[in-house]
Structures are given as structure tokens and as C-alpha cells.
$ cat target.pdb   # PDB, C-alpha atoms and all ligand atoms
ATOM      1  CA  MET B   1      90.109 122.933 119.730
ATOM      2  CA  ARG B   2      86.464 122.567 118.794
ATOM      3  CA  LEU B   3      85.344 124.877 116.048
ATOM      4  CA  ALA B   4      82.887 127.535 117.158
ATOM      5  CA  LYS B   5      79.408 126.963 115.709
ATOM      6  CA  HIS B   6      79.392 130.263 113.831
ATOM      7  CA  ILE B   7      82.682 129.355 112.096
ATOM      8  CA  ILE B   8      81.203 126.025 110.957
ATOM      9  CA  ASP B   9      78.001 127.749 109.822
ATOM     10  CA  ASN B  10      79.985 130.351 107.856
ATOM     11  CA  LEU B  11      82.135 127.657 106.315
ATOM     12  CA  ILE B  12      79.132 125.550 105.243
ATOM     13  CA  ALA B  13      77.509 128.655 103.752
ATOM     14  CA  LYS B  14      80.710 129.395 101.847
ATOM     15  CA  LEU B  15      81.161 125.831 100.639
ATOM     16  CA  THR B  16      77.664 125.641  99.235
ATOM     17  CA  GLU B  17      77.863 129.081  97.639
ATOM     18  CA  THR B  18      77.225 129.112  93.915
ATOM     19  CA  VAL B  19      78.710 131.665  91.570
ATOM     20  CA  HIS B  20      76.608 132.573  88.528
ATOM     21  CA  LYS B  21      78.600 133.518  85.465
ATOM     22  CA  LYS B  22      77.493 137.014  84.531
ATOM     23  CA  ASP B  23      78.992 137.080  81.052
ATOM     24  CA  GLY B  24      76.758 134.260  79.793
ATOM     25  CA  SER B  25      79.708 131.902  79.271
ATOM     26  CA  LYS B  26      79.709 128.356  80.632
ATOM     27  CA  ILE B  27      82.250 126.246  82.447
ATOM     28  CA  VAL B  28      82.947 122.597  81.686
ATOM     29  CA  CYS B  29      82.953 120.746  84.993
ATOM     30  CA  LEU B  30      86.119 118.761  85.535
ATOM     31  CA  ALA B  31      84.224 116.145  87.559
ATOM     32  CA  CYS B  32      81.067 115.453  85.521
ATOM     33  CA  GLY B  33      82.004 117.003  82.167
ATOM     34  CA  LYS B  34      78.741 118.963  81.940
ATOM     35  CA  ARG B  35      78.580 122.570  80.795
ATOM     36  CA  SER B  36      77.186 124.913  83.397
ATOM     37  CA  ALA B  37      76.578 128.633  83.857
ATOM     38  CA  GLN B  38      77.229 128.209  87.582
ATOM     39  CA  HIS B  39      80.309 127.094  89.420
ATOM     40  CA  SER B  40      81.391 126.590  93.023
ATOM     41  CA  PHE B  41      82.854 129.581  94.822
ATOM     42  CA  PHE B  42      86.246 127.929  95.301
ATOM     43  CA  SER B  43      86.810 126.697  91.775
ATOM     44  CA  GLN B  44      85.677 127.710  88.318
ATOM     45  CA  GLN B  45      86.328 124.131  87.248
ATOM     46  CA  LEU B  46      83.561 122.476  89.280
ATOM     47  CA  CYS B  47      79.834 122.867  88.692
ATOM     48  CA  ASN B  48      77.760 123.695  91.755
ATOM     49  CA  HIS B  49      76.101 120.269  91.635
ATOM     50  CA  CYS B  50      79.412 118.390  91.962
ATOM     51  CA  ALA B  51      80.740 120.900  94.501
ATOM     52  CA  ASN B  52      77.655 120.465  96.690
ATOM     53  CA  ASP B  53      78.265 116.702  96.812
ATOM     54  CA  ILE B  54      81.747 117.068  98.332
ATOM     55  CA  PRO B  55      81.850 115.099 101.626
ATOM     56  CA  TRP B  56      83.633 117.769 103.682
ATOM     57  CA  ILE B  57      84.883 116.783 107.105
ATOM     58  CA  MET B  58      83.397 119.376 109.431
ATOM     59  CA  LYS B  59      83.394 117.423 112.661
ATOM     60  CA  HIS B  60      85.925 114.870 113.820
ATOM     61  CA  VAL B  61      85.853 112.378 116.665
ATOM     62  CA  CYS B  62      89.613 111.767 116.951
ATOM     63  CA  GLU B  63      91.375 115.011 117.913
ATOM     64  CA  PHE B  64      94.725 113.642 116.687
ATOM     65  CA  CYS B  65      94.057 112.295 113.213
ATOM     66  CA  GLY B  66      90.756 114.031 112.465
ATOM     67  CA  ARG B  67      88.892 110.798 111.842
ATOM     68  CA  VAL B  68      85.122 111.098 111.846
ATOM     69  CA  GLN B  69      84.675 107.750 113.627
ATOM     70  CA  ALA B  70      86.173 106.566 116.922
ATOM     71  CA  CYS B  71      89.848 105.715 116.443
ATOM     72  CA  THR B  72      92.128 103.294 118.286
ATOM     73  CA  ASP B  73      95.166 103.684 115.962
ATOM     74  CA  CYS B  74      96.139 107.018 117.502
ATOM     75  CA  THR B  75      95.959 105.856 121.121
ATOM     76  CA  GLU B  76      98.025 102.754 120.261
ATOM     77  CA  ARG B  77     100.613 104.866 118.444
ATOM     78  CA  LEU B  78     100.743 107.390 121.269
ATOM     79  CA  ARG B  79     101.479 104.569 123.700
ATOM     80  CA  ALA B  80     104.164 103.055 121.456
ATOM     81  CA  ASN B  81     105.979 106.138 120.125
ATOM     82  CA  GLY B  82     104.854 109.161 122.135
ATOM     83  CA  GLN B  83     103.434 112.039 120.164
ATOM     84  CA  VAL B  84     105.379 112.467 116.920
ATOM     85  CA  LEU B  85     102.552 113.698 114.711
ATOM     86  CA  HIS B  86     100.735 116.292 116.767
ATOM     87  CA  LYS B  87      97.652 116.591 114.649
ATOM     88  CA  ASN B  88      96.288 115.706 111.245
ATOM     89  CA  ARG B  89      93.376 117.288 109.480
ATOM     90  CA  SER B  90      91.850 116.295 106.147
ATOM     91  CA  ALA B  91      89.468 118.156 103.880
ATOM     92  CA  VAL B  92      87.137 115.360 102.762
ATOM     93  CA  GLN B  93      86.063 111.803 103.448
ATOM     94  CA  TYR B  94      87.495 109.349 100.944
ATOM     95  CA  THR B  95      84.210 108.258  99.379
ATOM     96  CA  PRO B  96      83.937 106.417  96.014
ATOM     97  CA  THR B  97      83.384 109.773  94.253
ATOM     98  CA  MET B  98      86.469 111.300  95.895
ATOM     99  CA  LYS B  99      88.437 108.173  94.909
ATOM    100  CA  LYS B 100      87.487 108.823  91.286
ATOM    101  CA  TRP B 101      88.574 112.454  91.556
ATOM    102  CA  LEU B 102      91.929 111.465  93.036
ATOM    103  CA  ALA B 103      92.441 108.776  90.413
ATOM    104  CA  SER B 104      91.996 111.410  87.680
ATOM    105  CA  TYR B 105      94.713 113.470  89.307
ATOM    106  CA  LYS B 106      97.135 110.861  90.579
ATOM    107  CA  PHE B 107      96.913 107.967  88.164
ATOM    108  CA  ARG B 108      95.632 109.593  84.988
ATOM    109  CA  GLY B 109      97.809 112.655  85.531
ATOM    110  CA  ASP B 110      95.191 115.369  85.067
ATOM    111  CA  GLU B 111      97.006 118.179  86.858
ATOM    112  CA  ARG B 112      94.023 120.517  86.685
ATOM    113  CA  TRP B 113      92.800 118.830  89.856
ATOM    114  CA  ALA B 114      95.799 120.112  91.826
ATOM    115  CA  SER B 115      94.436 123.642  92.233
ATOM    116  CA  ILE B 116      90.993 122.337  93.249
ATOM    117  CA  PHE B 117      92.430 119.981  95.855
ATOM    118  CA  ALA B 118      94.817 122.635  97.163
ATOM    119  CA  GLU B 119      91.974 125.137  97.487
ATOM    120  CA  MET B 120      89.943 122.580  99.453
ATOM    121  CA  MET B 121      92.932 121.878 101.716
ATOM    122  CA  TRP B 122      93.509 125.594 102.207
ATOM    123  CA  LEU B 123      89.944 125.973 103.500
ATOM    124  CA  THR B 124      90.501 123.126 105.938
ATOM    125  CA  TRP B 125      93.848 124.577 107.001
ATOM    126  CA  GLN B 126      92.328 127.982 107.712
ATOM    127  CA  THR B 127      89.404 126.630 109.692
ATOM    128  CA  GLN B 128      90.777 123.548 111.438
ATOM    129  CA  MET B 129      94.501 124.036 112.032
ATOM    130  CA  ASP B 130      94.966 126.407 114.922
ATOM    131  CA  THR B 131      98.772 126.122 115.117
ATOM    132  CA  PRO B 132     101.220 128.497 113.398
ATOM    133  CA  ILE B 133     103.383 126.719 110.810
ATOM    134  CA  ASP B 134     106.978 127.660 109.855
ATOM    135  CA  ILE B 135     107.628 125.287 106.951
ATOM    136  CA  ILE B 136     105.551 123.164 104.599
ATOM    137  CA  THR B 137     106.927 119.868 103.362
ATOM    138  CA  TYR B 138     105.432 116.861 101.599
ATOM    139  CA  VAL B 139     105.594 113.092 101.421
ATOM    140  CA  PRO B 140     108.245 112.269  98.828
ATOM    141  CA  THR B 141     107.571 109.765  96.117
ATOM    142  CA  SER B 142     110.116 107.288  94.763
ATOM    143  CA  LYS B 143     112.002 108.388  91.638
ATOM    144  CA  GLU B 144     110.454 105.525  89.662
ATOM    145  CA  ARG B 145     106.934 106.512  90.658
ATOM    146  CA  ALA B 146     107.593 110.184  89.930
ATOM    147  CA  ILE B 147     108.743 109.227  86.415
ATOM    148  CA  GLU B 148     105.763 106.875  85.985
ATOM    149  CA  ARG B 149     103.335 109.674  86.944
ATOM    150  CA  SER B 150     105.470 112.555  85.638
ATOM    151  CA  PHE B 151     104.924 114.514  88.854
ATOM    152  CA  ASN B 152     104.705 114.137  92.639
ATOM    153  CA  GLN B 153     101.105 114.909  93.495
ATOM    154  CA  SER B 154     101.842 115.836  97.118
ATOM    155  CA  GLU B 155     104.686 118.178  96.126
ATOM    156  CA  ARG B 156     102.336 120.009  93.741
ATOM    157  CA  LEU B 157      99.727 120.416  96.482
ATOM    158  CA  ALA B 158     102.415 121.630  98.907
ATOM    159  CA  SER B 159     103.642 124.245  96.399
ATOM    160  CA  LEU B 160     100.133 125.565  95.824
ATOM    161  CA  LEU B 161      99.495 125.719  99.570
ATOM    162  CA  SER B 162     102.789 127.564  99.985
ATOM    163  CA  GLU B 163     101.611 130.183  97.473
ATOM    164  CA  ARG B 164      98.323 130.547  99.348
ATOM    165  CA  SER B 165      99.825 130.748 102.830
ATOM    166  CA  ASN B 166     103.122 132.509 102.039
ATOM    167  CA  ILE B 167     104.887 129.835 104.071
ATOM    168  CA  PRO B 168     107.965 128.296 102.406
ATOM    169  CA  VAL B 169     107.862 124.737 101.105
ATOM    170  CA  MET B 170     111.016 122.652 101.560
ATOM    171  CA  PRO B 171     111.866 119.078 100.507
ATOM    172  CA  LEU B 172     112.761 117.896 104.029
ATOM    173  CA  LEU B 173     112.153 114.208 103.369
ATOM    174  CA  CYS B 174     113.524 111.615 100.981
ATOM    175  CA  ARG B 175     112.682 107.975 100.293
ATOM    176  CA  LEU B 176     115.290 105.515 101.547
ATOM    177  CA  GLN B 177     113.889 102.458  99.851
ATOM    178  CA  ASN B 178     111.265 101.598  97.329
ATOM    179  CA  GLY B 179     108.506  99.533  98.836
ATOM    180  CA  ASP B 180     105.749  97.875  96.899
ATOM    181  CA  LYS B 181     102.877 100.130  96.072
ATOM    182  CA  GLN B 182     101.095 101.111  99.332
ATOM    183  CA  SER B 183      97.712 100.307  97.871
ATOM    184  CA  MET B 184      98.798  96.689  97.323
ATOM    185  CA  LYS B 185      99.613  96.152 100.996
ATOM    186  CA  SER B 186      97.253  94.989 103.721
ATOM    187  CA  ARG B 187      96.464  97.264 106.660
ATOM    188  CA  THR B 188      98.662  95.202 109.023
ATOM    189  CA  GLU B 189     101.585  95.270 106.576
ATOM    190  CA  ARG B 190     101.234  99.020 106.255
ATOM    191  CA  LEU B 191     101.172  99.556 110.028
ATOM    192  CA  SER B 192     104.326  97.450 110.433
ATOM    193  CA  ILE B 193     106.524  99.290 107.925
ATOM    194  CA  GLU B 194     106.391 102.477 109.897
ATOM    195  CA  HIS B 195     110.163 102.903 110.170
ATOM    196  CA  ALA B 196     113.141 103.351 107.896
ATOM    197  CA  VAL B 197     111.277 104.336 104.772
ATOM    198  CA  PHE B 198     112.050 108.050 104.950
ATOM    199  CA  GLY B 199     115.243 109.987 105.455
ATOM    200  CA  PHE B 200     115.827 113.580 106.549
ATOM    201  CA  ASN B 201     117.183 115.893 103.866
ATOM    202  CA  SER B 202     118.896 118.260 106.314
ATOM    203  CA  GLN B 203     120.463 120.389 103.551
ATOM    204  CA  ALA B 204     117.033 121.612 102.570
ATOM    205  CA  LEU B 205     116.691 123.384 105.913
ATOM    206  CA  GLY B 206     119.508 125.841 105.175
ATOM    207  CA  GLN B 207     119.334 128.862 107.457
ATOM    208  CA  TRP B 208     116.493 127.283 109.445
ATOM    209  CA  LYS B 209     118.732 124.503 110.765
ATOM    210  CA  GLN B 210     119.214 125.684 114.311
ATOM    211  CA  LYS B 211     115.656 126.704 114.981
ATOM    212  CA  SER B 212     112.789 124.991 116.684
ATOM    213  CA  LEU B 213     110.279 124.451 113.885
ATOM    214  CA  ARG B 214     106.652 123.614 113.270
ATOM    215  CA  VAL B 215     106.343 121.678 110.039
ATOM    216  CA  LEU B 216     103.172 120.851 108.116
ATOM    217  CA  ILE B 217     103.474 117.628 106.092
ATOM    218  CA  ILE B 218     101.241 117.420 103.018
ATOM    219  CA  ASP B 219      99.888 114.202 101.531
ATOM    220  CA  ASP B 220      96.901 113.246  99.414
ATOM    221  CA  VAL B 221      95.188 110.603 101.577
ATOM    222  CA  TYR B 222      95.418 109.637 105.247
ATOM    223  CA  THR B 223      94.518 105.955 105.468
ATOM    224  CA  THR B 224      96.212 104.238 108.408
ATOM    225  CA  GLY B 225      98.436 107.229 109.099
ATOM    226  CA  THR B 226     101.539 105.043 108.639
ATOM    227  CA  THR B 227     103.099 107.287 106.010
ATOM    228  CA  LEU B 228     102.599 110.572 107.860
ATOM    229  CA  HIS B 229     103.757 109.051 111.149
ATOM    230  CA  ALA B 230     106.880 107.648 109.508
ATOM    231  CA  CYS B 231     107.641 111.097 108.052
ATOM    232  CA  ALA B 232     106.972 112.829 111.375
ATOM    233  CA  LYS B 233     109.101 110.324 113.286
ATOM    234  CA  CYS B 234     111.986 110.895 110.905
ATOM    235  CA  LEU B 235     111.870 114.699 111.326
ATOM    236  CA  HIS B 236     111.115 114.623 115.048
ATOM    237  CA  GLU B 237     114.035 112.309 115.901
ATOM    238  CA  ILE B 238     116.687 114.290 114.059
ATOM    239  CA  ALA B 239     115.746 117.904 114.601
ATOM    240  CA  ASP B 240     113.752 120.095 116.931
ATOM    241  CA  ILE B 241     110.667 119.759 114.756
ATOM    242  CA  ARG B 242     107.014 119.522 115.739
ATOM    243  CA  CYS B 243     105.025 117.877 112.954
ATOM    244  CA  TYR B 244     101.467 118.368 111.787
ATOM    245  CA  GLY B 245      99.692 116.740 108.862
ATOM    246  CA  LEU B 246      97.266 118.025 106.264
ATOM    247  CA  THR B 247      95.824 115.677 103.679
ATOM    248  CA  TRP B 248      93.172 116.117 101.048
ATOM    249  CA  ALA B 249      91.190 113.008 102.051
ATOM    250  CA  ARG B 250      90.700 110.829 105.132
ATOM    251  CA  SER B 251      89.638 107.225 104.599
TER     252      SER B 251
HETATM  253 ZN    ZN Q   1      79.930 118.718  87.711
HETATM  254 ZN    ZN Q   2      92.949 109.014 115.373
END

$ encode --input "target.pdb" --output "C-alpha cells"
Amino acid sequence: MRLAKHIIDNLIAKLTETVHKKDGSKIVCLACGKRSAQHSFFSQQLCNHCANDIPWIMKHVCEFCGRVQACTDCTERLRANGQVLHKNRSAVQYTPTMKKWLASYKFRGDERWASIFAEMMWLTWQTQMDTPIDIITYVPTSKERAIERSFNQSERLASLLSERSNIPVMPLLCRLQNGDKQSMKSRTERLSIEHAVFGFNSQALGQWKQKSLRVLIIDDVYTTGTTLHACAKCLHEIADIRCYGLTWARS
């Protein structure tokens, strides 16, 4: 579905809206560290200057993965596997600035970013996902990595999005093996490890087990789509589940 022009216009107006603090107090921007009497409408932790530089994805070329450029990955995957991930949408382009923001959250463990990212994803969800969702789940991290980082960044985002949407979050997926860090792998290596990384945690479904479900899988970045497709394939093959993806960034 293409977004109606007035929806895009309203969204842009909202995203660039600045809130002036009336009580004379100042915020300290999480991104630039400067003190400011103004903040963005969606977070009191970002100054309006940093918020206005966010590279939002408003228009996409690929209807499946939401990429802003032409995309051959999705057509190749569709031919090879059929449609397992019905749609992915991402809030922002993964620019050098967004990489820095994610690094603060994911690698330096500053959890204050979680609410900002979740709020950005919630905006994208509301404006670009036109399908009803029954359950939210997230890309699981390995136990070692969770200990190393002290939290699973995608699980945190999923929980916050569950609070916003009132849709339950369930741990439907588990890691079957620990691969090398994704960022260390080449694009070809990442495309080839699409299978057997994730398992289905059927117990988590509980009372929902017998139903036909629409599941939204949350992750931080969509790069080649390998991770989300592997998750979707795992759920799609075992249960009557239609999978969608929502990530914070799209590279
Ligand atoms: Zn700032
Ligand atoms: Zn695509």
C-alpha cells in the first residue's frame, strides 16, 4: 500500500515538530550532549537539531523489505523460498550517525536509547504497517552475547512496542547455534547461513497454539534480511504463522 500524501505530510510535520520547555528547564541531548530548551516531540532526550537530522524512511522502492533503492534480494528469495517474510518496514536509513546511535545502545549498553528507538519504530508501525498483528516477537541473541551486553536489545524494543500497541510479546524463537558475530561475516556468507540458526519455542505460544497468527518480528537493523528471513522461515514452517518484520534501521 502506498501511503496517502496527506499521511506523509502529517507525519513529516509531526517528526519535525519542536517542543519548547515552558518551565525554563533544559534537556541534555542523548545524541550530542548539548543542553537545550527545546526537544523533539517524540522524545525529551533528543534536541530538535539532532531529531531533525534523523534520516526517516518515508518512501520505499521495494514493497517487501522497504528498501529505498531497487532490490534484487527479495525477488531472488521469493523465487527460492516463496514468501516467508511478508513485509519488512524500518524507521530510518542506517547512516553513519545512526550507526553511532545504535553503537551507544547496543555495544556501549546505554539503555536510554531503547525508548527513543521504540518510539521511532512505533511511528513507522502506525504509518507503514497496514496489517493487524496478533503477537510481537524478537530476534533472540545467544546467551553469551546477552551476558556480554547485559541485555538483548531487540527484546527490549519488542517489550516497549508491546506496551505501546497493547499486543503481547512472546519469545517464539531461540538460537540453535552460536555463529560468529554477524558483523564479521561477508554479505555472501550471511546470505548462505539462512537456515538452521533459529528454533521455534512452541511452549511460548500457550493458548495461541492452534490459531492462525500474524507475528511481527522485531530487530535493530535489516541489512541483507538473512536474520529476519531465517526467523520467519522457522515460524512459517512449523506453525500457521504469517510473519512481518519491523526494524529500527535499514542499511
Ligand atoms: Zn542533540
Ligand atoms: Zn527488497

$ atom_distance --input "target.pdb" --atom1 "atom ZN of ligand ZN 1 (chain Q)" --atom2 "CA of Gly24 (chain B)"
17.7 Å

$ closest_residue --input "target.pdb" --among "B:Ala204, B:Leu30, B:Cys62, B:Cys174" --to "ligand ZN 2 (chain Q)" --atoms "all atoms listed in the file"
B:Cys62

$ closest_residue --input "target.pdb" --among "B:Gln153, B:Asn48, B:Thr95, B:Gln69" --to "Arg112 (chain B)" --atoms "all atoms listed in the file"
B:Gln153

$ residues_near_ligand --input "target.pdb" --ligand "ligand ZN 1 (chain Q)" --cutoff "7 Å" --atoms "all atoms listed in the file" --output "ChimeraX atom specification"
/B:29-34,46-50

$ write_last_selection --input "target.pdb" --atoms "C-alpha atoms" --output "PDB file, keeping the file's coordinate frame"
ATOM      1  CA  CYS B  29      82.953 120.746  84.993  1.00  0.00           C
ATOM      2  CA  LEU B  30      86.119 118.761  85.535  1.00  0.00           C
ATOM      3  CA  ALA B  31      84.224 116.145  87.559  1.00  0.00           C
ATOM      4  CA  CYS B  32      81.067 115.453  85.521  1.00  0.00           C
ATOM      5  CA  GLY B  33      82.004 117.003  82.167  1.00  0.00           C
ATOM      6  CA  LYS B  34      78.741 118.963  81.940  1.00  0.00           C
ATOM      7  CA  LEU B  46      83.561 122.476  89.280  1.00  0.00           C
ATOM      8  CA  CYS B  47      79.834 122.867  88.692  1.00  0.00           C
ATOM      9  CA  ASN B  48      77.760 123.695  91.755  1.00  0.00           C
ATOM     10  CA  HIS B  49      76.101 120.269  91.635  1.00  0.00           C
ATOM     11  CA  CYS B  50      79.412 118.390  91.962  1.00  0.00           C
TER      12      CYS B  50
END

$ residues_around --input "target.pdb" --residues "Met129 (chain B)" --least-positions-apart "6" --cutoff "12 Å" --atoms "all atoms listed in the file" --output "MDAnalysis selection string"
chainID B and resid 1:3 63:66 86:91 121:123 216 244:247

$ resolve_selection --input "target.pdb" --expression "the PyMOL selection byres (((chain B and resi 157-165) around 9) and not hetatm)" --output "PyMOL selection string"
chain B and resi 114-115+117-119+121-122+135-138+152-156+166-169+217-220

$ atom_distance --input "target.pdb" --atom1 "CA of Trp248 (chain B)" --atom2 "CA of Trp113 (chain B)"
11.5 Å

$ axis_aligned_box --input "target.pdb" --around "region 102-108 of chain B" --padding-each-side "3 Å" --output "AutoDock Vina command-line options"
--center_x 94.5 --center_y 110.7 --center_z 89.0 --size_x 11.2 --size_y 11.5 --size_z 14.0

$ resolve_selection --input "target.pdb" --expression "the PyMOL selection byres (((chain B and resi 73) around 12) and not hetatm)" --output "ChimeraX atom specification"
/B:62,64-67,69-72,74-81,187-188,191,223-226,229

$ closest_residue --input "target.pdb" --among "B:His236, B:Leu205, B:Pro55, B:Arg250" --to "ligand ZN 2 (chain Q)" --atoms "only C-alpha atoms and all ligand atoms"
B:Arg250

$ build_atoms --input "target.pdb" --residues "region 17-34 of chain B" --atoms "N, CA and C atoms" --output "compact mmCIF listing (two decimals), in the frame of the given file"
# COMPACT_ATOMS: atom_id res chain seq x y z
N GLU B 17 78.13 127.88 98.43
CA GLU B 17 77.86 129.08 97.64
C GLU B 17 78.05 128.78 96.14
N THR B 18 77.14 129.31 95.36
CA THR B 18 77.22 129.11 93.92
C THR B 18 77.52 130.46 93.26
N VAL B 19 78.41 130.44 92.29
CA VAL B 19 78.71 131.66 91.57
C VAL B 19 78.07 131.56 90.18
N HIS B 20 77.25 132.56 89.84
CA HIS B 20 76.61 132.57 88.53
C HIS B 20 77.49 133.37 87.58
N LYS B 21 77.77 132.80 86.44
CA LYS B 21 78.60 133.52 85.46
C LYS B 21 77.77 134.64 84.85
N LYS B 22 78.28 135.85 84.98
CA LYS B 22 77.49 137.01 84.53
C LYS B 22 77.63 137.26 83.03
N ASP B 23 78.74 136.77 82.46
CA ASP B 23 78.99 137.08 81.05
C ASP B 23 78.31 136.10 80.09
N GLY B 24 77.48 135.19 80.65
CA GLY B 24 76.76 134.26 79.79
C GLY B 24 77.59 133.05 79.35
N SER B 25 78.87 133.04 79.67
CA SER B 25 79.71 131.90 79.27
C SER B 25 79.45 130.71 80.21
N LYS B 26 79.93 129.55 79.82
CA LYS B 26 79.71 128.36 80.63
C LYS B 26 81.05 127.70 80.98
N ILE B 27 81.05 127.01 82.09
CA ILE B 27 82.25 126.25 82.45
C ILE B 27 82.01 124.78 82.08
N VAL B 28 83.08 124.04 81.85
CA VAL B 28 82.95 122.60 81.69
C VAL B 28 83.47 121.98 82.97
N CYS B 29 82.58 121.29 83.68
CA CYS B 29 82.95 120.75 84.99
C CYS B 29 83.98 119.63 84.84
N LEU B 30 85.04 119.75 85.61
CA LEU B 30 86.12 118.76 85.54
C LEU B 30 85.65 117.40 86.05
N ALA B 31 84.67 117.41 86.97
CA ALA B 31 84.22 116.14 87.56
C ALA B 31 83.19 115.43 86.69
N CYS B 32 82.15 116.14 86.24
CA CYS B 32 81.07 115.45 85.52
C CYS B 32 81.09 115.73 84.02
N GLY B 33 81.88 116.71 83.59
CA GLY B 33 82.00 117.00 82.17
C GLY B 33 80.87 117.83 81.60
N LYS B 34 79.89 118.19 82.46
CA LYS B 34 78.74 118.96 81.94
C LYS B 34 79.07 120.44 81.86
